[in-house]
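Enquirer: So that you have it, the file is protein.pdb, and it contains PDB, C-alpha atoms:
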```
ATOM      1  CA  GLU Z   1       6.961   5.237   2.644  1.00  0.00           C
ATOM      2  CA  THR Z   2       4.641   3.767   5.229  1.00  0.00           C
ATOM      3  CA  GLY Z   3       6.938   1.253   6.889  1.00  0.00           C
ATOM      4  CA  VAL Z   4       4.700  -1.571   5.698  1.00  0.00           C
ATOM      5  CA  THR Z   5       5.482  -2.873   2.241  1.00  0.00           C
ATOM      6  CA  GLN Z   6       3.205  -5.109   0.222  1.00  0.00           C
ATOM      7  CA  THR Z   7       3.968  -7.028  -2.943  1.00  0.00           C
ATOM      8  CA  PRO Z   8       2.700  -7.369  -5.532  1.00  0.00           C
ATOM      9  CA  ARG Z   9       0.634  -4.199  -5.776  1.00  0.00           C
ATOM     10  CA  HIS Z  10      -1.534  -5.750  -8.482  1.00  0.00           C
ATOM     11  CA  LEU Z  11      -2.286  -9.394  -9.146  1.00  0.00           C
ATOM     12  CA  VAL Z  12      -4.557 -11.065 -11.679  1.00  0.00           C
ATOM     13  CA  MET Z  13      -5.065 -14.778 -11.204  1.00  0.00           C
ATOM     14  CA  GLY Z  14      -7.259 -17.516 -12.525  1.00  0.00           C
ATOM     15  CA  MET Z  15      -9.503 -19.535 -10.271  1.00  0.00           C
ATOM     16  CA  THR Z  16      -7.208 -22.561 -10.455  1.00  0.00           C
ATOM     17  CA  ASN Z  17      -3.984 -20.669  -9.783  1.00  0.00           C
ATOM     18  CA  LYS Z  18      -1.905 -20.586  -6.623  1.00  0.00           C
ATOM     19  CA  LYS Z  19      -0.335 -17.270  -5.696  1.00  0.00           C
ATOM     20  CA  SER Z  20       0.867 -15.466  -2.585  1.00  0.00           C
ATOM     21  CA  LEU Z  21       0.729 -11.945  -1.259  1.00  0.00           C
ATOM     22  CA  LYS Z  22       3.716 -10.764   0.733  1.00  0.00           C
ATOM     23  CA  CYS Z  23       3.935  -8.173   3.473  1.00  0.00           C
ATOM     24  CA  GLU Z  24       6.964  -6.849   5.309  1.00  0.00           C
ATOM     25  CA  GLN Z  25       7.019  -4.321   8.111  1.00  0.00           C
ATOM     26  CA  HIS Z  26      10.096  -2.303   9.044  1.00  0.00           C
ATOM     27  CA  LEU Z  27       8.667  -0.804  12.230  1.00  0.00           C
ATOM     28  CA  GLY Z  28       9.676  -3.399  14.813  1.00  0.00           C
ATOM     29  CA  HIS Z  29       6.051  -4.209  15.590  1.00  0.00           C
ATOM     30  CA  ASN Z  30       4.906  -7.496  17.055  1.00  0.00           C
ATOM     31  CA  ALA Z  31       1.399  -7.694  15.577  1.00  0.00           C
ATOM     32  CA  MET Z  32       0.475  -8.078  11.910  1.00  0.00           C
ATOM     33  CA  TYR Z  33      -2.898  -8.159  10.200  1.00  0.00           C
ATOM     34  CA  TRP Z  34      -4.614  -9.005   6.940  1.00  0.00           C
ATOM     35  CA  TYR Z  35      -7.703  -7.011   5.976  1.00  0.00           C
ATOM     36  CA  LYS Z  36      -9.955  -7.380   2.952  1.00  0.00           C
ATOM     37  CA  GLN Z  37     -11.535  -4.300   1.426  1.00  0.00           C
ATOM     38  CA  SER Z  38     -14.215  -4.823  -1.214  1.00  0.00           C
ATOM     39  CA  ALA Z  39     -16.157  -2.160  -3.044  1.00  0.00           C
ATOM     40  CA  LYS Z  40     -19.221  -0.970  -1.094  1.00  0.00           C
ATOM     41  CA  LYS Z  41     -18.327  -3.126   1.914  1.00  0.00           C
ATOM     42  CA  PRO Z  42     -16.746  -2.321   5.277  1.00  0.00           C
ATOM     43  CA  LEU Z  43     -13.160  -3.177   6.008  1.00  0.00           C
ATOM     44  CA  GLU Z  44     -13.013  -6.868   6.977  1.00  0.00           C
ATOM     45  CA  LEU Z  45     -10.410  -8.150   9.396  1.00  0.00           C
ATOM     46  CA  MET Z  46      -9.231 -11.555   8.193  1.00  0.00           C
ATOM     47  CA  PHE Z  47      -6.308 -12.627  10.359  1.00  0.00           C
ATOM     48  CA  VAL Z  48      -4.251 -11.321  13.254  1.00  0.00           C
ATOM     49  CA  TYR Z  49      -0.815 -12.525  14.262  1.00  0.00           C
ATOM     50  CA  ASN Z  50       0.729 -11.477  17.554  1.00  0.00           C
ATOM     51  CA  PHE Z  51       4.341 -12.500  18.146  1.00  0.00           C
ATOM     52  CA  LYS Z  52       3.975 -14.937  15.218  1.00  0.00           C
ATOM     53  CA  GLU Z  53       0.979 -16.621  16.829  1.00  0.00           C
ATOM     54  CA  GLN Z  54      -2.340 -16.477  15.024  1.00  0.00           C
ATOM     55  CA  THR Z  55      -4.779 -14.905  17.463  1.00  0.00           C
ATOM     56  CA  GLU Z  56      -7.687 -14.242  15.148  1.00  0.00           C
ATOM     57  CA  ASN Z  57      -9.265 -15.955  12.172  1.00  0.00           C
ATOM     58  CA  ASN Z  58     -12.548 -14.299  11.277  1.00  0.00           C
ATOM     59  CA  SER Z  59     -14.197 -17.305   9.646  1.00  0.00           C
ATOM     60  CA  VAL Z  60     -12.064 -16.875   6.571  1.00  0.00           C
ATOM     61  CA  PRO Z  61     -12.458 -19.607   3.912  1.00  0.00           C
ATOM     62  CA  SER Z  62      -9.623 -22.115   3.768  1.00  0.00           C
ATOM     63  CA  ARG Z  63      -8.706 -20.999   0.249  1.00  0.00           C
ATOM     64  CA  PHE Z  64      -6.932 -18.157   2.084  1.00  0.00           C
ATOM     65  CA  SER Z  65      -3.972 -19.447   4.076  1.00  0.00           C
ATOM     66  CA  PRO Z  66      -1.855 -17.038   6.145  1.00  0.00           C
ATOM     67  CA  GLU Z  67       1.733 -17.606   7.153  1.00  0.00           C
ATOM     68  CA  CYS Z  68       3.801 -15.585   9.597  1.00  0.00           C
ATOM     69  CA  PRO Z  69       7.400 -16.883   9.720  1.00  0.00           C
ATOM     70  CA  ASN Z  70       8.567 -14.019  11.949  1.00  0.00           C
ATOM     71  CA  SER Z  71       7.259 -10.757  13.360  1.00  0.00           C
ATOM     72  CA  SER Z  72       8.371  -8.802  10.300  1.00  0.00           C
ATOM     73  CA  HIS Z  73       6.855 -10.901   7.542  1.00  0.00           C
ATOM     74  CA  LEU Z  74       3.351 -12.007   6.721  1.00  0.00           C
ATOM     75  CA  PHE Z  75       2.102 -13.938   3.730  1.00  0.00           C
ATOM     76  CA  LEU Z  76      -1.337 -14.692   2.380  1.00  0.00           C
ATOM     77  CA  HIS Z  77      -1.365 -17.829   0.244  1.00  0.00           C
ATOM     78  CA  LEU Z  78      -4.180 -17.963  -2.273  1.00  0.00           C
ATOM     79  CA  HIS Z  79      -5.543 -21.025  -4.055  1.00  0.00           C
ATOM     80  CA  THR Z  80      -8.715 -21.857  -5.967  1.00  0.00           C
ATOM     81  CA  LEU Z  81     -10.154 -18.408  -5.395  1.00  0.00           C
ATOM     82  CA  GLN Z  82     -13.530 -17.206  -6.597  1.00  0.00           C
ATOM     83  CA  PRO Z  83     -14.325 -14.029  -8.533  1.00  0.00           C
ATOM     84  CA  GLU Z  84     -15.976 -12.572  -5.415  1.00  0.00           C
ATOM     85  CA  ASP Z  85     -12.566 -12.700  -3.735  1.00  0.00           C
ATOM     86  CA  SER Z  86     -11.444  -9.850  -5.981  1.00  0.00           C
ATOM     87  CA  ALA Z  87     -10.639  -6.980  -3.629  1.00  0.00           C
ATOM     88  CA  LEU Z  88      -7.937  -4.824  -2.110  1.00  0.00           C
ATOM     89  CA  TYR Z  89      -5.997  -6.804   0.487  1.00  0.00           C
ATOM     90  CA  LEU Z  90      -4.386  -4.642   3.113  1.00  0.00           C
ATOM     91  CA  CYS Z  91      -1.587  -5.692   5.382  1.00  0.00           C
ATOM     92  CA  ALA Z  92      -0.993  -3.789   8.599  1.00  0.00           C
ATOM     93  CA  SER Z  93       1.077  -3.871  11.748  1.00  0.00           C
ATOM     94  CA  SER Z  94       0.985  -2.430  15.254  1.00  0.00           C
ATOM     95  CA  GLN Z  95       2.969  -2.507  18.465  1.00  0.00           C
ATOM     96  CA  GLY Z  96       0.824  -4.382  20.923  1.00  0.00           C
ATOM     97  CA  GLU Z  97       1.299  -4.885  24.643  1.00  0.00           C
ATOM     98  CA  GLY Z  98       1.165  -8.630  24.952  1.00  0.00           C
ATOM     99  CA  ARG Z  99      -2.391  -9.587  24.049  1.00  0.00           C
ATOM    100  CA  HIS Z 100      -3.579  -5.965  24.029  1.00  0.00           C
ATOM    101  CA  LEU Z 101      -3.808  -4.514  20.548  1.00  0.00           C
ATOM    102  CA  SER Z 102      -6.688  -2.114  21.135  1.00  0.00           C
ATOM    103  CA  GLY Z 103      -4.747   0.981  22.087  1.00  0.00           C
ATOM    104  CA  ASN Z 104      -2.131   1.160  19.403  1.00  0.00           C
ATOM    105  CA  THR Z 105      -1.964   2.860  16.052  1.00  0.00           C
ATOM    106  CA  ILE Z 106      -2.250   0.489  13.129  1.00  0.00           C
ATOM    107  CA  TYR Z 107       0.086   1.138  10.220  1.00  0.00           C
ATOM    108  CA  PHE Z 108      -1.182   0.028   6.849  1.00  0.00           C
ATOM    109  CA  GLY Z 109       0.541  -0.914   3.663  1.00  0.00           C
ATOM    110  CA  GLU Z 110      -0.719   0.412   0.368  1.00  0.00           C
ATOM    111  CA  GLY Z 111      -2.497  -2.820  -0.419  1.00  0.00           C
ATOM    112  CA  SER Z 112      -2.479  -5.510  -3.057  1.00  0.00           C
ATOM    113  CA  TRP Z 113      -5.211  -5.276  -5.679  1.00  0.00           C
ATOM    114  CA  LEU Z 114      -6.364  -8.789  -6.482  1.00  0.00           C
ATOM    115  CA  THR Z 115      -8.496  -9.674  -9.477  1.00  0.00           C
ATOM    116  CA  VAL Z 116      -9.730 -13.237  -9.864  1.00  0.00           C
ATOM    117  CA  VAL Z 117     -10.796 -14.156 -13.381  1.00  0.00           C
TER     118      VAL Z 117
ATOM    119  CA  ALA F   1     -18.605  -6.081  22.469  1.00  0.00           C
ATOM    120  CA  GLN F   2     -17.617  -2.718  21.115  1.00  0.00           C
ATOM    121  CA  SER F   3     -18.967  -1.435  17.806  1.00  0.00           C
ATOM    122  CA  VAL F   4     -18.625   1.653  15.648  1.00  0.00           C
ATOM    123  CA  THR F   5     -21.180   3.361  13.435  1.00  0.00           C
ATOM    124  CA  GLN F   6     -20.685   6.121  10.913  1.00  0.00           C
ATOM    125  CA  PRO F   7     -24.178   7.318   9.991  1.00  0.00           C
ATOM    126  CA  ASP F   8     -23.158   9.066   6.780  1.00  0.00           C
ATOM    127  CA  ILE F   9     -22.113   6.823   3.915  1.00  0.00           C
ATOM    128  CA  HIS F  10     -21.267   9.699   1.620  1.00  0.00           C
ATOM    129  CA  ILE F  11     -20.866  13.459   2.128  1.00  0.00           C
ATOM    130  CA  THR F  12     -20.251  16.178  -0.432  1.00  0.00           C
ATOM    131  CA  VAL F  13     -18.958  19.599   0.560  1.00  0.00           C
ATOM    132  CA  SER F  14     -17.698  22.631  -1.310  1.00  0.00           C
ATOM    133  CA  GLU F  15     -14.043  23.532  -1.088  1.00  0.00           C
ATOM    134  CA  GLY F  16     -13.539  26.018   1.741  1.00  0.00           C
ATOM    135  CA  ALA F  17     -16.625  24.884   3.609  1.00  0.00           C
ATOM    136  CA  SER F  18     -16.492  23.351   7.062  1.00  0.00           C
ATOM    137  CA  LEU F  19     -16.756  19.620   7.581  1.00  0.00           C
ATOM    138  CA  GLU F  20     -18.054  17.345  10.292  1.00  0.00           C
ATOM    139  CA  LEU F  21     -18.008  13.556  10.007  1.00  0.00           C
ATOM    140  CA  ARG F  22     -19.979  11.649  12.594  1.00  0.00           C
ATOM    141  CA  CYS F  23     -18.886   8.624  14.566  1.00  0.00           C
ATOM    142  CA  ASN F  24     -20.707   6.820  17.351  1.00  0.00           C
ATOM    143  CA  TYR F  25     -19.396   3.919  19.348  1.00  0.00           C
ATOM    144  CA  SER F  26     -20.769   1.384  21.724  1.00  0.00           C
ATOM    145  CA  TYR F  27     -18.716   0.393  24.736  1.00  0.00           C
ATOM    146  CA  GLY F  28     -19.158   0.570  28.487  1.00  0.00           C
ATOM    147  CA  ALA F  29     -15.794   1.930  29.499  1.00  0.00           C
ATOM    148  CA  THR F  30     -13.742   4.727  28.012  1.00  0.00           C
ATOM    149  CA  PRO F  31     -12.507   3.453  24.685  1.00  0.00           C
ATOM    150  CA  TYR F  32      -9.495   4.278  22.597  1.00  0.00           C
ATOM    151  CA  LEU F  33     -10.731   6.229  19.567  1.00  0.00           C
ATOM    152  CA  PHE F  34      -9.131   6.789  16.190  1.00  0.00           C
ATOM    153  CA  TRP F  35      -9.772   8.432  12.854  1.00  0.00           C
ATOM    154  CA  TYR F  36      -8.057   7.103   9.749  1.00  0.00           C
ATOM    155  CA  VAL F  37      -8.116   8.420   6.174  1.00  0.00           C
ATOM    156  CA  GLN F  38      -7.747   6.449   2.971  1.00  0.00           C
ATOM    157  CA  SER F  39      -6.955   8.214  -0.280  1.00  0.00           C
ATOM    158  CA  PRO F  40      -7.960   6.405  -3.485  1.00  0.00           C
ATOM    159  CA  GLY F  41      -5.816   3.347  -4.141  1.00  0.00           C
ATOM    160  CA  GLN F  42      -3.907   3.720  -0.896  1.00  0.00           C
ATOM    161  CA  GLY F  43      -3.797   2.180   2.542  1.00  0.00           C
ATOM    162  CA  LEU F  44      -5.228   3.836   5.646  1.00  0.00           C
ATOM    163  CA  GLN F  45      -3.347   6.573   7.485  1.00  0.00           C
ATOM    164  CA  LEU F  46      -3.916   7.748  11.057  1.00  0.00           C
ATOM    165  CA  LEU F  47      -5.344  11.272  11.344  1.00  0.00           C
ATOM    166  CA  LEU F  48      -5.655  11.440  15.127  1.00  0.00           C
ATOM    167  CA  LYS F  49      -6.419   9.411  18.217  1.00  0.00           C
ATOM    168  CA  TYR F  50      -7.877   9.831  21.682  1.00  0.00           C
ATOM    169  CA  PHE F  51      -6.811   7.841  24.707  1.00  0.00           C
ATOM    170  CA  SER F  52      -7.470  10.102  27.678  1.00  0.00           C
ATOM    171  CA  GLY F  53      -7.207  13.691  28.870  1.00  0.00           C
ATOM    172  CA  ASP F  54      -8.339  16.657  26.798  1.00  0.00           C
ATOM    173  CA  THR F  55     -11.441  15.646  24.886  1.00  0.00           C
ATOM    174  CA  LEU F  56     -10.561  17.848  21.901  1.00  0.00           C
ATOM    175  CA  VAL F  57      -7.830  16.179  19.907  1.00  0.00           C
ATOM    176  CA  GLN F  58      -5.769  17.778  17.167  1.00  0.00           C
ATOM    177  CA  GLY F  59      -4.553  15.737  14.257  1.00  0.00           C
ATOM    178  CA  ILE F  60      -2.683  16.066  11.009  1.00  0.00           C
ATOM    179  CA  LYS F  61      -3.849  18.017   7.960  1.00  0.00           C
ATOM    180  CA  GLY F  62      -5.845  20.482  10.091  1.00  0.00           C
ATOM    181  CA  PHE F  63      -8.324  17.935  11.422  1.00  0.00           C
ATOM    182  CA  GLU F  64      -9.630  17.758  14.964  1.00  0.00           C
ATOM    183  CA  ALA F  65     -12.071  15.509  16.801  1.00  0.00           C
ATOM    184  CA  GLU F  66     -14.015  15.830  19.999  1.00  0.00           C
ATOM    185  CA  PHE F  67     -14.803  12.991  22.362  1.00  0.00           C
ATOM    186  CA  LYS F  68     -18.224  13.362  23.981  1.00  0.00           C
ATOM    187  CA  ARG F  69     -18.803  10.638  26.511  1.00  0.00           C
ATOM    188  CA  SER F  70     -22.450  11.549  27.093  1.00  0.00           C
ATOM    189  CA  GLN F  71     -23.200  11.076  23.409  1.00  0.00           C
ATOM    190  CA  SER F  72     -20.791   8.188  22.788  1.00  0.00           C
ATOM    191  CA  SER F  73     -19.464  10.195  19.881  1.00  0.00           C
ATOM    192  CA  PHE F  74     -16.114  11.113  18.392  1.00  0.00           C
ATOM    193  CA  ASN F  75     -16.890  13.424  15.490  1.00  0.00           C
ATOM    194  CA  LEU F  76     -14.210  14.620  13.107  1.00  0.00           C
ATOM    195  CA  ARG F  77     -14.103  18.259  12.050  1.00  0.00           C
ATOM    196  CA  LYS F  78     -12.194  20.560   9.770  1.00  0.00           C
ATOM    197  CA  PRO F  79     -12.941  24.288   9.478  1.00  0.00           C
ATOM    198  CA  SER F  80     -12.081  24.629   5.797  1.00  0.00           C
ATOM    199  CA  VAL F  81     -11.953  21.676   3.432  1.00  0.00           C
ATOM    200  CA  HIS F  82      -9.406  21.424   0.626  1.00  0.00           C
ATOM    201  CA  TRP F  83      -9.916  19.469  -2.594  1.00  0.00           C
ATOM    202  CA  SER F  84      -7.157  17.080  -1.493  1.00  0.00           C
ATOM    203  CA  ASP F  85      -9.303  16.026   1.493  1.00  0.00           C
ATOM    204  CA  ALA F  86     -11.526  13.967  -0.793  1.00  0.00           C
ATOM    205  CA  ALA F  87     -11.071  10.440   0.536  1.00  0.00           C
ATOM    206  CA  GLU F  88     -12.644   7.713   2.645  1.00  0.00           C
ATOM    207  CA  TYR F  89     -12.661   8.326   6.397  1.00  0.00           C
ATOM    208  CA  PHE F  90     -12.801   5.573   8.967  1.00  0.00           C
ATOM    209  CA  CYS F  91     -13.581   5.896  12.635  1.00  0.00           C
ATOM    210  CA  ALA F  92     -12.191   3.123  14.823  1.00  0.00           C
ATOM    211  CA  VAL F  93     -12.536   2.076  18.450  1.00  0.00           C
ATOM    212  CA  GLY F  94     -10.417  -0.089  20.691  1.00  0.00           C
ATOM    213  CA  ALA F  95     -11.098  -1.307  24.166  1.00  0.00           C
ATOM    214  CA  ARG F  96      -8.794  -3.113  26.511  1.00  0.00           C
ATOM    215  CA  ILE F  97     -10.027  -6.513  27.606  1.00  0.00           C
ATOM    216  CA  GLU F  98      -7.973  -7.859  30.488  1.00  0.00           C
ATOM    217  CA  THR F  99      -8.880 -11.504  30.126  1.00  0.00           C
ATOM    218  CA  SER F 100      -8.392 -12.058  26.401  1.00  0.00           C
ATOM    219  CA  TYR F 101      -7.054 -10.595  23.206  1.00  0.00           C
ATOM    220  CA  ASP F 102      -8.430  -7.225  22.166  1.00  0.00           C
ATOM    221  CA  LYS F 103      -8.153  -5.221  18.982  1.00  0.00           C
ATOM    222  CA  VAL F 104      -9.286  -2.136  17.108  1.00  0.00           C
ATOM    223  CA  ILE F 105     -12.690  -2.228  15.373  1.00  0.00           C
ATOM    224  CA  PHE F 106     -13.269  -0.087  12.272  1.00  0.00           C
ATOM    225  CA  GLY F 107     -16.463   1.635  11.254  1.00  0.00           C
ATOM    226  CA  PRO F 108     -17.918   1.262   7.736  1.00  0.00           C
ATOM    227  CA  GLY F 109     -16.398   4.511   6.529  1.00  0.00           C
ATOM    228  CA  THR F 110     -17.665   7.816   5.145  1.00  0.00           C
ATOM    229  CA  SER F 111     -16.756   8.822   1.621  1.00  0.00           C
ATOM    230  CA  LEU F 112     -16.035  12.541   1.240  1.00  0.00           C
ATOM    231  CA  SER F 113     -16.319  14.351  -2.074  1.00  0.00           C
ATOM    232  CA  VAL F 114     -15.173  17.951  -2.446  1.00  0.00           C
ATOM    233  CA  ILE F 115     -16.702  20.273  -5.032  1.00  0.00           C
ATOM    234  CA  PRO F 116     -14.326  22.939  -6.410  1.00  0.00           C
TER     235      PRO F 116
END
```
Transcribe the structure of this file into structure tokens.
Expert:
Amino acid sequence: ETGVTQTPRHLVMGMTNKKSLKCEQHLGHNAMYWYKQSAKKPLELMFVYNFKEQTENNSVPSRFSPECPNSSHLFLHLHTLQPEDSALYLCASSQGEGRHLSGNTIYFGEGSWLTVV
Amino acid sequence: AQSVTQPDIHITVSEGASLELRCNYSYGATPYLFWYVQSPGQGLQLLLKYFSGDTLVQGIKGFEAEFKRSQSSFNLRKPSVHWSDAAEYFCAVGARIETSYDKVIFGPGTSLSVIP
């Protein structure tokens, strides 16, 4: 039990489908993150939300659409994905100090394995 | 901007042997430094972190790391590796920026294999 729960753990979707990944944190943190982890590639930060406000979007294609309705929940809406989007998507949270997220432990969920066919 | 390098992509050690994973960072001030571990099919878990004070930091699972400012390094060590230590290890650095948002940056990772 990590305190960060992701569903589904595995998802197979076609390129024309619309699906969503869900993340919930039970740690009382104010910052939440989406990371993408592909085989043979470094961990890629996609989005950061701090107190429900999106503070980072690392040039992520618009076919990925994040949503953060409150500090405990984070979604990643997926539509018209490409096969190269197949990866492990990790949600994480941390307790920041206002805009400062650099000094705090990041708690990760177990990830959602996405396969685009 | 801060950055993190892990020179070794993959390391193989025998069970019971000692281990050292290298991490170098680039930042002008004293950074916050972390080591995370990722077992296959899992998320990342914090092993240890350094903020200030004693430069030798103890973590979970028998790991330790030493901050060396002169070398801009934060290498991870374990005196005797167990087969269950086989995993991916990530070094990470954070640095406080007073005028804007800051965050933790992860290195590319080092994959550790353990031979029985």
Enquirer: Mind pulling up the distance from atom CA of Z:Ala92 to atom CA of Z:Thr16?
Expert: 27.5 Å
Enquirer: Choose the residue, out of F:Ser100, F:Ser14, F:Ser80, F:Gln58, that has the smallest atom-to-atom separation from chain Z; count only C-alpha atoms.
Expert: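 Smallest separation from chain Z among the options: F:Ser100.
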Enquirer: Fewer than 2 positions away in the same chain doesn't count, so skip those; otherwise give me all residues within 6 Å of stretch 98-110 of chain Z, counting only C-alpha atoms, as a PyMOL selection string.
Expert: (chain Z and resi 4-5+91-94+96) or (chain F and resi 32+42-44+94-96+101-104)
Enquirer: Can you write out the residues you just picked, keeping C-alpha atoms, as a compact mmCIF listing (two decimals), in the coordinates of the input?
Expert:
```
# COMPACT_ATOMS: atom_id res chain seq x y z
CA VAL Z 4 4.70 -1.57 5.70
CA THR Z 5 5.48 -2.87 2.24
CA CYS Z 91 -1.59 -5.69 5.38
CA ALA Z 92 -0.99 -3.79 8.60
CA SER Z 93 1.08 -3.87 11.75
CA SER Z 94 0.98 -2.43 15.25
CA GLY Z 96 0.82 -4.38 20.92
CA TYR F 32 -9.49 4.28 22.60
CA GLN F 42 -3.91 3.72 -0.90
CA GLY F 43 -3.80 2.18 2.54
CA LEU F 44 -5.23 3.84 5.65
CA GLY F 94 -10.42 -0.09 20.69
CA ALA F 95 -11.10 -1.31 24.17
CA ARG F 96 -8.79 -3.11 26.51
CA TYR F 101 -7.05 -10.60 23.21
CA ASP F 102 -8.43 -7.22 22.17
CA LYS F 103 -8.15 -5.22 18.98
CA VAL F 104 -9.29 -2.14 17.11
```
Enquirer: Tell me which residues the ChimeraX specification (/Z :<12) & /F grabs here, as an mmCIF file with C-alpha atoms, in the coordinates of the input.
Expert:
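Once everything was written out, this is out_27.cif:
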```
data_model
loop_
_atom_site.group_PDB
_atom_site.id
_atom_site.type_symbol
_atom_site.label_atom_id
_atom_site.label_comp_id
_atom_site.auth_asym_id
_atom_site.auth_seq_id
_atom_site.Cartn_x
_atom_site.Cartn_y
_atom_site.Cartn_z
ATOM 1 C CA GLN F 2 -17.617 -2.718 21.115
ATOM 2 C CA VAL F 4 -18.625 1.653 15.648
ATOM 3 C CA THR F 5 -21.180 3.361 13.435
ATOM 4 C CA GLN F 6 -20.685 6.121 10.913
ATOM 5 C CA ILE F 9 -22.113 6.823 3.915
ATOM 6 C CA HIS F 10 -21.267 9.699 1.620
ATOM 7 C CA THR F 30 -13.742 4.727 28.012
ATOM 8 C CA PRO F 31 -12.507 3.453 24.685
ATOM 9 C CA TYR F 32 -9.495 4.278 22.597
ATOM 10 C CA LEU F 33 -10.731 6.229 19.567
ATOM 11 C CA PHE F 34 -9.131 6.789 16.190
ATOM 12 C CA TRP F 35 -9.772 8.432 12.854
ATOM 13 C CA TYR F 36 -8.057 7.103 9.749
ATOM 14 C CA VAL F 37 -8.116 8.420 6.174
ATOM 15 C CA GLN F 38 -7.747 6.449 2.971
ATOM 16 C CA SER F 39 -6.955 8.214 -0.280
ATOM 17 C CA PRO F 40 -7.960 6.405 -3.485
ATOM 18 C CA GLY F 41 -5.816 3.347 -4.141
ATOM 19 C CA GLN F 42 -3.907 3.720 -0.896
ATOM 20 C CA GLY F 43 -3.797 2.180 2.542
ATOM 21 C CA LEU F 44 -5.228 3.836 5.646
ATOM 22 C CA GLN F 45 -3.347 6.573 7.485
ATOM 23 C CA LEU F 46 -3.916 7.748 11.057
ATOM 24 C CA LEU F 47 -5.344 11.272 11.344
ATOM 25 C CA LEU F 48 -5.655 11.440 15.127
ATOM 26 C CA LYS F 49 -6.419 9.411 18.217
ATOM 27 C CA TYR F 50 -7.877 9.831 21.682
ATOM 28 C CA PHE F 51 -6.811 7.841 24.707
ATOM 29 C CA SER F 52 -7.470 10.102 27.678
ATOM 30 C CA GLU F 88 -12.644 7.713 2.645
ATOM 31 C CA TYR F 89 -12.661 8.326 6.397
ATOM 32 C CA PHE F 90 -12.801 5.573 8.967
ATOM 33 C CA CYS F 91 -13.581 5.896 12.635
ATOM 34 C CA ALA F 92 -12.191 3.123 14.823
ATOM 35 C CA VAL F 93 -12.536 2.076 18.450
ATOM 36 C CA GLY F 94 -10.417 -0.089 20.691
ATOM 37 C CA ALA F 95 -11.098 -1.307 24.166
ATOM 38 C CA ARG F 96 -8.794 -3.113 26.511
ATOM 39 C CA ILE F 97 -10.027 -6.513 27.606
ATOM 40 C CA GLU F 98 -7.973 -7.859 30.488
ATOM 41 C CA THR F 99 -8.880 -11.504 30.126
ATOM 42 C CA SER F 100 -8.392 -12.058 26.401
ATOM 43 C CA TYR F 101 -7.054 -10.595 23.206
ATOM 44 C CA ASP F 102 -8.430 -7.225 22.166
ATOM 45 C CA LYS F 103 -8.153 -5.221 18.982
ATOM 46 C CA VAL F 104 -9.286 -2.136 17.108
ATOM 47 C CA ILE F 105 -12.690 -2.228 15.373
ATOM 48 C CA PHE F 106 -13.269 -0.087 12.272
ATOM 49 C CA GLY F 107 -16.463 1.635 11.254
ATOM 50 C CA PRO F 108 -17.918 1.262 7.736
ATOM 51 C CA GLY F 109 -16.398 4.511 6.529
ATOM 52 C CA THR F 110 -17.665 7.816 5.145
ATOM 53 C CA SER F 111 -16.756 8.822 1.621
#
```
Enquirer: Nearest residue to F:Asn24 out of F:Phe67, F:Phe74, F:His82, F:Thr12, using all atoms listed in the file?
Expert: F:Phe74
Enquirer: Would you work out the distance separating atom CA of Z:Asn58 from atom CA of F:Ser72, expressed in Å to one decimal?
Expert: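 Computing the Euclidean distance for atom CA of Z:Asn58 and atom CA of F:Ser72 yields 26.6 Å.
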Enquirer: Report, in Å with one decimal, the straight-line distance from atom CA of Z:Pro8 to atom CA of Z:Leu74.
Expert: 13.1 Å
Enquirer: Identify, on the basis of only C-alpha atoms, every residue whose closest approach to Z:Glu53 does not exceed 10 Å; exclude the query and any residue fewer than 3 positions from it along the same chain; express the result as an NGL selection string.
Expert: :Z and (30-32 or 48-50 or 56 or 67-71)
Enquirer: Using all atoms listed in the file, which of the listed residues (Z:Ser62, Z:Ser86, Z:Asn57, Z:Gln95) sits closest to Z:His10?
Expert: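 Using all atoms listed in the file, Z:His10 sits closest to Z:Ser86.
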Enquirer: Please determine, counting all atoms listed in the file, which residue among F:Pro7, F:Gly16, F:Gly53, F:Gly62 has the shortest atom-to-atom distance to F:Ile115.
Expert: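 Comparing F:Pro7, F:Gly16, F:Gly53, F:Gly62 against F:Ile115, the winner is F:Gly16.
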Enquirer: Using all atoms listed in the file, which of the listed residues (Z:His29, Z:Arg63, Z:Leu76, Z:Ala87) sits closest to Z:Met15?
Expert: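 Using all atoms listed in the file, the shortest distance to Z:Met15 belongs to Z:Arg63.
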Enquirer: The PyMOL selection byres ((chain F and resi 19) around 8) - which residues does that actually catch in the file I just gave you? List them as number ranges by chain.
Expert: F: 13, 17-18, 20-21, 76-81
Enquirer: Where atoms are missing, can you supply N, CA and C atoms for stretch 6-11 of chain F and output the lot as an mmCIF file, in the coordinates of the input?
Expert:
```cif
data_model
loop_
_atom_site.group_PDB
_atom_site.id
_atom_site.type_symbol
_atom_site.label_atom_id
_atom_site.label_comp_id
_atom_site.auth_asym_id
_atom_site.auth_seq_id
_atom_site.Cartn_x
_atom_site.Cartn_y
_atom_site.Cartn_z
ATOM 1 N N GLN F 6 -20.878 4.845 11.600
ATOM 2 C CA GLN F 6 -20.685 6.121 10.913
ATOM 3 C C GLN F 6 -21.965 6.344 10.103
ATOM 4 N N PRO F 7 -22.844 7.201 10.583
ATOM 5 C CA PRO F 7 -24.178 7.318 9.991
ATOM 6 C C PRO F 7 -24.196 7.772 8.538
ATOM 7 N N ASP F 8 -23.180 8.521 8.139
ATOM 8 C CA ASP F 8 -23.158 9.066 6.780
ATOM 9 C C ASP F 8 -22.278 8.226 5.875
ATOM 10 N N ILE F 9 -22.888 7.636 4.854
ATOM 11 C CA ILE F 9 -22.113 6.823 3.915
ATOM 12 C C ILE F 9 -21.296 7.710 2.989
ATOM 13 N N HIS F 10 -21.929 8.799 2.564
ATOM 14 C CA HIS F 10 -21.267 9.699 1.620
ATOM 15 C C HIS F 10 -21.641 11.141 1.964
ATOM 16 N N ILE F 11 -20.648 12.032 1.897
ATOM 17 C CA ILE F 11 -20.866 13.459 2.128
ATOM 18 C C ILE F 11 -20.172 14.245 1.030
#
```
